[in-house]
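Visitor: Just model-v1.cif, nothing more (mmCIF, C-alpha atoms):
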data_protein
loop_
_atom_site.label_atom_id
_atom_site.label_comp_id
_atom_site.auth_asym_id
_atom_site.auth_seq_id
_atom_site.Cartn_x
_atom_site.Cartn_y
_atom_site.Cartn_z
CA MET A 1 135.96 74.27 61.94
CA LYS A 2 132.34 74.64 60.83
CA LYS A 3 130.32 77.04 63.03
CA VAL A 4 126.54 76.94 63.43
CA ILE A 5 124.29 79.57 65.04
CA THR A 6 120.67 79.49 66.16
CA TYR A 7 118.42 81.97 67.97
CA GLY A 8 115.56 81.85 70.44
CA THR A 9 114.24 82.59 73.88
CA PHE A 10 114.90 79.07 75.19
CA ASP A 11 112.58 79.42 78.16
CA LEU A 12 111.36 76.33 80.03
CA LEU A 13 113.84 74.01 78.33
CA HIS A 14 112.08 70.97 76.82
CA THR A 15 112.67 68.09 74.39
CA GLY A 16 111.89 70.31 71.40
CA HIS A 17 114.75 72.61 72.40
CA ILE A 18 117.11 69.68 72.94
CA ASN A 19 116.18 68.18 69.56
CA ILE A 20 116.87 71.39 67.65
CA LEU A 21 120.13 71.97 69.54
CA ARG A 22 121.27 68.39 68.84
CA ARG A 23 120.39 68.59 65.14
CA ALA A 24 122.04 72.02 64.83
CA LYS A 25 125.24 70.72 66.45
CA GLU A 26 125.24 67.72 64.07
CA LEU A 27 125.59 70.20 61.18
CA GLY A 28 128.93 71.54 62.38
CA ASP A 29 131.70 71.50 64.95
CA TYR A 30 130.77 74.50 67.10
CA LEU A 31 127.27 75.64 68.10
CA ILE A 32 126.51 79.21 69.11
CA VAL A 33 123.11 79.91 70.64
CA ALA A 34 121.88 83.50 70.72
CA ILE A 35 119.17 83.93 73.34
CA SER A 36 116.81 86.85 73.60
CA THR A 37 117.63 89.27 76.38
CA ASP A 38 114.85 90.23 78.79
CA GLU A 39 114.74 93.68 77.20
CA PHE A 40 114.36 92.22 73.70
CA ASN A 41 111.60 89.89 74.94
CA MET A 42 109.73 92.95 76.27
CA LEU A 43 109.96 94.57 72.82
CA LYS A 44 108.51 91.34 71.35
CA HIS A 45 105.74 91.38 74.01
CA LYS A 46 107.06 88.08 75.39
CA GLN A 47 107.86 87.25 78.96
CA ALA A 48 110.19 84.41 79.84
CA TYR A 49 109.73 82.51 83.07
CA TYR A 50 113.48 82.57 83.70
CA PRO A 51 115.54 85.76 83.36
CA PHE A 52 118.29 85.96 80.74
CA GLU A 53 121.19 85.00 83.01
CA GLN A 54 119.43 81.85 84.21
CA ARG A 55 118.44 80.81 80.66
CA LYS A 56 122.05 81.41 79.61
CA GLN A 57 123.36 79.26 82.45
CA ILE A 58 120.93 76.44 81.63
CA LEU A 59 121.93 76.45 77.95
CA GLU A 60 125.63 76.54 78.77
CA ALA A 61 125.10 73.24 80.61
CA VAL A 62 123.68 71.52 77.51
CA ARG A 63 126.37 69.37 75.92
CA TYR A 64 125.53 70.42 72.35
CA VAL A 65 126.06 74.13 73.07
CA ASP A 66 129.55 75.60 72.81
CA GLU A 67 128.77 79.29 73.32
CA VAL A 68 125.80 81.42 74.37
CA ILE A 69 125.49 85.06 73.28
CA PRO A 70 122.76 87.65 73.87
CA GLU A 71 120.25 88.61 71.20
CA HIS A 72 119.45 92.29 71.66
CA ASN A 73 117.37 92.94 68.53
CA TRP A 74 116.08 91.48 65.25
CA ASP A 75 118.76 93.21 63.18
CA GLN A 76 121.94 91.82 64.73
CA LYS A 77 121.97 88.50 62.86
CA VAL A 78 124.13 89.63 59.92
CA GLU A 79 126.68 91.14 62.28
CA ASP A 80 126.67 87.99 64.47
CA VAL A 81 127.28 85.78 61.43
CA LYS A 82 130.20 87.98 60.35
CA THR A 83 131.69 88.52 63.81
CA HIS A 84 131.55 84.84 64.81
CA ASP A 85 132.57 83.56 61.34
CA VAL A 86 129.40 81.44 61.11
CA ASP A 87 128.96 78.89 58.33
CA ILE A 88 125.37 77.78 58.99
CA PHE A 89 122.33 79.60 60.39
CA VAL A 90 119.63 77.28 61.80
CA MET A 91 116.03 78.00 62.79
CA GLY A 92 112.82 76.01 63.19
CA HIS A 93 110.80 75.41 60.02
CA ASP A 94 108.00 77.69 61.22
CA TRP A 95 110.37 80.57 60.33
CA GLU A 96 110.91 79.25 56.77
CA GLY A 97 111.90 82.05 54.40
CA GLU A 98 112.17 84.73 57.10
CA PHE A 99 115.95 84.60 57.27
CA ASP A 100 116.81 83.89 53.65
CA PHE A 101 118.57 87.29 53.50
CA LEU A 102 121.37 85.59 55.47
CA LYS A 103 122.13 83.34 52.46
CA ASP A 104 124.45 86.13 51.27
CA TYR A 105 126.62 85.40 54.33
CA CYS A 106 126.14 81.72 55.23
CA GLU A 107 124.05 78.62 54.59
CA VAL A 108 120.50 78.87 56.01
CA ILE A 109 118.73 75.72 57.21
CA TYR A 110 115.22 75.43 58.62
CA LEU A 111 114.81 72.33 60.79
CA PRO A 112 111.50 70.62 61.58
CA ARG A 113 110.11 71.36 65.03
CA THR A 114 109.29 68.56 67.47
CA GLU A 115 105.57 67.87 67.09
CA GLY A 116 103.32 68.45 70.09
CA VAL A 117 105.77 70.31 72.33
CA SER A 118 106.34 74.03 72.72
CA THR A 119 106.98 76.50 75.50
CA THR A 120 103.65 78.19 74.71
CA LYS A 121 101.81 74.86 75.09
CA ILE A 122 103.60 74.10 78.36
CA LYS A 123 102.70 77.53 79.79
CA HIS A 124 99.09 77.08 78.65
CA ASP A 125 98.84 73.58 80.14
CA LEU A 126 100.33 74.74 83.46
CA SER A 127 97.97 77.70 83.70
CA HIS A 128 94.96 75.43 83.14
CA ARG A 129 96.08 72.59 85.41
CA ASP A 130 93.39 73.16 88.02
CA ASP A 131 90.55 73.52 85.49
#
Here is the file; what I need is its structure written in the form of structure tokens.
Guide:
Amino acid sequence: MKKVITYGTFDLLHTGHINILRRAKELGDYLIVAISTDEFNMLKHKQAYYPFEQRKQILEAVRYVDEVIPEHNWDQKVEDVKTHDVDIFVMGHDWEGEFDFLKDYCEVIYLPRTEGVSTTKIKHDLSHRDD
């Protein structure tokens, strides 16, 4: 069985998220999604609309996702790859090169993002709706 892992906050689920999850799942048999905990988001100066448990529940309902695990810090990726016997690490292309250190442990693939859609854009558009 070929295992794939990806990481993110996965707040305000949108077509960009679904596209990357679908393409990641197409690369293997089992998709693990590591989502940032609320505490980790605070360290990154990010705030998700939905708390961790709700984001986890939403992702668990997506048919491409086989398992959801918490991401507590930047440094856990090597251990996750080893612990979960991961074959492929997947991230959006805007992170290109940032995770190449994982090539010692698994294949690393950077997938294109969906143009014109992002959680940041959605939050911005919603906050300026009445302008």
Visitor: Have a look at A:Leu43, A:Val86, A:Val81, A:Val4 and name the one nearest to A:Arg23; count only C-alpha atoms.
Guide: A:Val4
Visitor: So that I can check the surroundings of stretch 62-74 of chain A, please list as a ChimeraX atom specification every protein, DNA and RNA residue that reaches within 6 Å of it, counting all atoms listed in the file and ignoring chain neighbours fewer than 4 positions away.
Guide: /A:22,25,30-37,40
Visitor: Would you mind listing what lies within 10 Å of A:Pro51 as JSON, numbers by chain, with all atoms listed in the file counted and same-chain residues fewer than 4 positions away left out?
Guide: {"A": [11, 36, 37, 38, 47, 55, 56]}
Visitor: Include C-alpha atoms and write out the residues we just selected as a PDB file, in the coordinates of the input.
Guide:
ATOM      1  CA  ASP A  11     112.580  79.420  78.160  1.00  0.00           C
ATOM      2  CA  SER A  36     116.810  86.850  73.600  1.00  0.00           C
ATOM      3  CA  THR A  37     117.630  89.270  76.380  1.00  0.00           C
ATOM      4  CA  ASP A  38     114.850  90.230  78.790  1.00  0.00           C
ATOM      5  CA  GLN A  47     107.860  87.250  78.960  1.00  0.00           C
ATOM      6  CA  ARG A  55     118.440  80.810  80.660  1.00  0.00           C
ATOM      7  CA  LYS A  56     122.050  81.410  79.610  1.00  0.00           C
TER       8      LYS A  56
END
Visitor: Pick out the closest residue to A:Phe52 from this set: A:Leu12, A:Trp95, A:Leu21, A:Glu79. Count all atoms listed in the file.
Guide: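 Selected residue with least distance to A:Phe52: A:Leu12.
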Visitor: Which is closest to A:Asp80 among A:Asp94, A:Thr9, A:Tyr105, A:Gln57, if we use only C-alpha atoms?
Guide: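 Among the listed residues, A:Tyr105 lies closest to A:Asp80.
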Visitor: Between atom CA of A:Tyr110 and atom CA of A:Leu59, measure the distance and give it in Å to one decimal.
Guide: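 Going from atom CA of A:Tyr110 over to atom CA of A:Leu59 covers 20.5 Å.
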Visitor: Using only C-alpha atoms, give me every residue within 12 Å of (128.1, 81.8, 60.1) in file coordinates, as number ranges by chain.
Guide: A: 1-6, 27-33, 77-90, 102-109
Visitor: Just checking: using only C-alpha atoms, which residue out of A:Ile58, A:Tyr50, A:Phe10, A:Pro112 ends up closest to A:Ala24?
Guide: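 Distance minimum relative to A:Ala24 lands on A:Pro112.
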Visitor: What box, with edges along x, y and z, holds each listed atom of stretch 105-109 of chain A when 8 Å is added on every side, and can you state its centre and edge lengths in Å to one decimal, as lines of an AutoDock Vina configuration file?
Guide:
center_x = 122.7
center_y = 80.6
center_z = 55.8
size_x = 23.9
size_y = 25.7
size_z = 18.9
Visitor: Around (115.9, 79.5, 67.3) in the file's frame, which residues reach within 6 Å when counting only C-alpha atoms? Return as a ChimeraX atom specification?
Guide: /A:6-8,91
Visitor: Using atom CA of A:Ala61 and atom CA of A:Glu98 as the two end points, give the distance in Å to one decimal.
Guide: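 Here the two named atoms are 29.2 Å from each other.
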Visitor: Report, in Å to a single decimal, how far apart atom CA of A:Leu111 and atom CA of A:Glu26 are.
Guide: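 Atom CA of A:Glu26 sits 11.9 Å away from atom CA of A:Leu111.
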Visitor: Which one is closest to A:Phe101: A:Asp75, A:Ile20, A:Ala48, A:Arg113? Count all atoms listed in the file.
Guide: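 Ranking A:Asp75, A:Ile20, A:Ala48, A:Arg113 by distance to A:Phe101, first place goes to A:Asp75.
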